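Chemist: Here it is: the structure, laid out below.
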Amino acid sequence: MPTPYGSASSDKALNNIKPEIRKAGGYTAPAQGRVVAKLNQNENPYDIPASWKQEILGCMAGLAWGRYPDNQPRTLRERLARRFGVGADQIVLGHGSNQLLYLAFTAAVRPGDRVVLATPTFSLVETIAGHFQARLVPVMKSDDLTIPESRFLKAAAPARLVFLCSPDNPTGLEIRPDFLESVLQGTDGLVLWDEAYGEFGGQSAVPLIAEYPNLIVARTFSKAFGLAGLRIGALIAHPAVAAELSKANIPYNLDLFSIRVAERLLEETEWMEDTVRRIVDEREKLFAALKETGNVDPIPSRANFITFRVPDARTVLRRLEERGVLIRDMTGYPLLGNGLRVTVGTPGENQAFLNALEDCLS
């Protein structure tokens, strides 16, 4: 039963909320509804082995749940450090990479500071910049969705923080490593490089940290490792930068369960690597099928999703939802009018999507 409220107005209370928060739209999760194929959140469609789940649950039963976890989980940091060829003192852990994007802003960005990104890109960054009252400088991408390099370099030079995502969301396109180096050489600001989809593209900027201390790389367990439900992420940075970021981090921001699961998946990465190969193989098949479908213009992707354009995208989206096929509306992004995004699922999910799409377009 709802709590009864008196006649008092909330206006005075709301006046204490920052204007930047009140005018923000906030994150809206995509509708779920009846599901035949859930392909709207760039998740890994494959769950971790059941035997691993039982093993982890057995481990959890032997732990004291009334005690705080390690604030800086040593084993998890060491395993991540080995994976990326860096020191454990370069790893900053967080409750998903989204929380770590907030951390980077908390540590570095003051009101009025210049934050530069190439749009369209991961929309959460624009939201975070607004929360921190940053001076957001979006550089519009070219019609082919590539970054206009000279214009971007000029905008980035005086920035406090530069954000780049590769493979990019929502396009799936990769950014050339030599262009990243040009950005790093041209600015004294921090360059936050998001590799949430890195395993699907195959390239990483982590080795550049040794030469460019202003580079911070964000990674996540939500995509290739299939742990979107647990929220685990990491920033990788120069040891001195990582130490400062850690000061602004939330204490004990990873729970015992998440720590143990991430450690287990890093102990044997073959499962993850196999699922990545399967998803990449399905991505190429799905792209080819979309190319063959009339009135569909897919964008080549190096991530675990494909963005494509169709006539009257919102009507197509609604018709797909009626058939239980859930994909994501991209029409609100610049340069992506009539754009939709589909996550690469299992072969069965992908075929269900293709069948439904063809039916909707006929």
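Every chain in the structure tokens has a letter given in the order shown (A, B, ...), and although residue numbers restart at 1 in each chain, ligands are simply numbered from 1 in the order shown.
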Based on DSSP run over this structure's backbone, return all residues of stretch 11-102 of chain A in alpha helix (DSSP H), as a PyMOL selection string.

Modeler: chain A and resi 11-14+19-22+50-61+74-84+97-102

Chemist: Give me the residues within 9 Å of stretch 264-281 of chain A as a count of residues only, counting only C-alpha atoms and dropping any in the same chain fewer than 4 places off.

Modeler: 27

Chemist: Pick out the closest residue to A:Pro120 from this set: A:Gly202, A:Gly332, A:Pro347, A:Gly87. Count only C-alpha atoms.

Modeler: A:Gly332

Chemist: I'd like the neighbourhood of A:Arg77 as a CSV table (one decimal) with N, CA and C atoms, in the first residue's frame, where a residue qualifies if any of its atoms comes within 10 Å (using only C-alpha atoms), though same-chain residues fewer than 2 positions away should be ignored.

Modeler:
```
chain,number,residue,atom,x,y,z
A,72,GLN,N,40.7,-3.8,-1.8
A,72,GLN,CA,41.4,-3.9,-3.1
A,72,GLN,C,41.8,-5.3,-3.3
A,73,PRO,N,40.8,-6.1,-3.8
A,73,PRO,CA,41.0,-7.6,-3.9
A,73,PRO,C,42.3,-8.0,-4.6
A,74,ARG,N,43.2,-8.5,-3.9
A,74,ARG,CA,44.6,-8.7,-4.4
A,74,ARG,C,44.6,-9.7,-5.5
A,75,THR,N,44.0,-10.9,-5.3
A,75,THR,CA,44.0,-12.0,-6.3
A,75,THR,C,43.4,-11.5,-7.6
A,79,ARG,N,45.3,-11.2,-11.2
A,79,ARG,CA,44.9,-12.0,-12.4
A,79,ARG,C,44.6,-11.1,-13.6
A,80,LEU,N,44.0,-9.9,-13.3
A,80,LEU,CA,43.7,-9.0,-14.4
A,80,LEU,C,45.1,-8.4,-14.9
A,81,ALA,N,46.0,-8.1,-13.9
A,81,ALA,CA,47.3,-7.6,-14.3
A,81,ALA,C,48.0,-8.5,-15.3
A,82,ARG,N,48.0,-9.8,-14.9
A,82,ARG,CA,48.6,-10.8,-15.8
A,82,ARG,C,48.0,-10.9,-17.2
A,83,ARG,N,46.7,-10.8,-17.2
A,83,ARG,CA,45.9,-10.8,-18.5
A,83,ARG,C,46.3,-9.7,-19.4
A,87,GLY,N,51.1,-4.1,-14.1
A,87,GLY,CA,51.3,-4.4,-12.7
A,87,GLY,C,49.9,-4.3,-12.0
A,88,ALA,N,49.8,-5.0,-10.9
A,88,ALA,CA,48.6,-5.0,-10.1
A,88,ALA,C,48.3,-3.6,-9.6
A,89,ASP,N,49.3,-2.8,-9.4
A,89,ASP,CA,49.1,-1.4,-8.9
A,89,ASP,C,48.6,-0.5,-10.0
A,90,GLN,N,48.3,-1.0,-11.2
A,90,GLN,CA,47.7,-0.3,-12.3
A,90,GLN,C,46.2,-0.6,-12.5
A,91,ILE,N,45.7,-1.4,-11.6
A,91,ILE,CA,44.3,-1.9,-11.8
A,91,ILE,C,43.5,-1.2,-10.7
A,92,VAL,N,42.4,-0.6,-11.1
A,92,VAL,CA,41.4,0.0,-10.2
A,92,VAL,C,40.0,-0.7,-10.5
A,93,LEU,N,39.5,-1.4,-9.5
A,93,LEU,CA,38.3,-2.1,-9.7
A,93,LEU,C,37.0,-1.3,-9.4
A,234,ALA,N,37.0,-2.6,-14.6
A,234,ALA,CA,38.3,-2.2,-14.1
A,234,ALA,C,38.8,-1.0,-15.0
A,259,ILE,N,33.6,-10.8,-6.7
A,259,ILE,CA,35.0,-11.0,-6.7
A,259,ILE,C,35.3,-12.5,-7.0
A,263,GLU,N,37.3,-13.9,-10.3
A,263,GLU,CA,38.6,-14.6,-10.2
A,263,GLU,C,38.5,-16.0,-10.9
```

Chemist: Go through stretch 65-154 of chain A and flag each residue having an atom no more than 8 Å from stretch 165-189 of chain A; for those, report the closest pair of atoms plus their distance in Å to one decimal, using only C-alpha atoms, ordered by chain and rising number, as JSON lines.

Modeler:
```
{"residue": "A:Pro120", "atom": "CA", "partner": "A:Pro170", "partner_atom": "CA", "distance": 7.2}
{"residue": "A:Thr121", "atom": "CA", "partner": "A:Asn169", "partner_atom": "CA", "distance": 5.6}
{"residue": "A:Phe122", "atom": "CA", "partner": "A:Asn169", "partner_atom": "CA", "distance": 5.4}
{"residue": "A:Leu145", "atom": "CA", "partner": "A:Thr171", "partner_atom": "CA", "distance": 7.6}
{"residue": "A:Glu149", "atom": "CA", "partner": "A:Phe179", "partner_atom": "CA", "distance": 7.6}
{"residue": "A:Leu153", "atom": "CA", "partner": "A:Val183", "partner_atom": "CA", "distance": 6.0}
```

Chemist: Keeping N, CA, C and O atoms for every residue in the selection just given, could you write it to a file as a short mmCIF file (atom, residue, chain, number, x, y, z; two decimals), in the first residue's frame?

Modeler:
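The resulting file, again31.cif, is shown below:
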```
data_model
loop_
_atom_site.label_atom_id
_atom_site.label_comp_id
_atom_site.auth_asym_id
_atom_site.auth_seq_id
_atom_site.Cartn_x
_atom_site.Cartn_y
_atom_site.Cartn_z
N PRO A 120 28.01 10.45 -32.66
CA PRO A 120 27.42 9.70 -31.56
C PRO A 120 28.39 8.72 -30.93
O PRO A 120 29.23 8.14 -31.61
N THR A 121 28.25 8.57 -29.59
CA THR A 121 29.04 7.60 -28.84
C THR A 121 28.21 7.18 -27.63
O THR A 121 27.02 7.46 -27.55
N PHE A 122 28.84 6.52 -26.68
CA PHE A 122 28.16 6.01 -25.50
C PHE A 122 27.49 7.17 -24.76
O PHE A 122 28.16 8.04 -24.20
N LEU A 145 30.35 8.08 -40.22
CA LEU A 145 30.48 7.76 -38.79
C LEU A 145 31.92 7.62 -38.32
O LEU A 145 32.17 7.14 -37.21
N GLU A 149 39.36 13.80 -37.97
CA GLU A 149 40.53 13.75 -37.10
C GLU A 149 41.11 15.12 -36.77
O GLU A 149 41.39 15.41 -35.60
N LEU A 153 41.25 16.59 -32.99
CA LEU A 153 42.53 16.88 -32.33
C LEU A 153 42.58 18.32 -31.84
O LEU A 153 43.09 18.61 -30.75
#
```

Chemist: What is the distance between atom CA of A:Gln41 and atom CA of A:Val115, in Å to one decimal?

Modeler: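 For atom CA of A:Gln41 relative to atom CA of A:Val115, the distance reads 26.2 Å.
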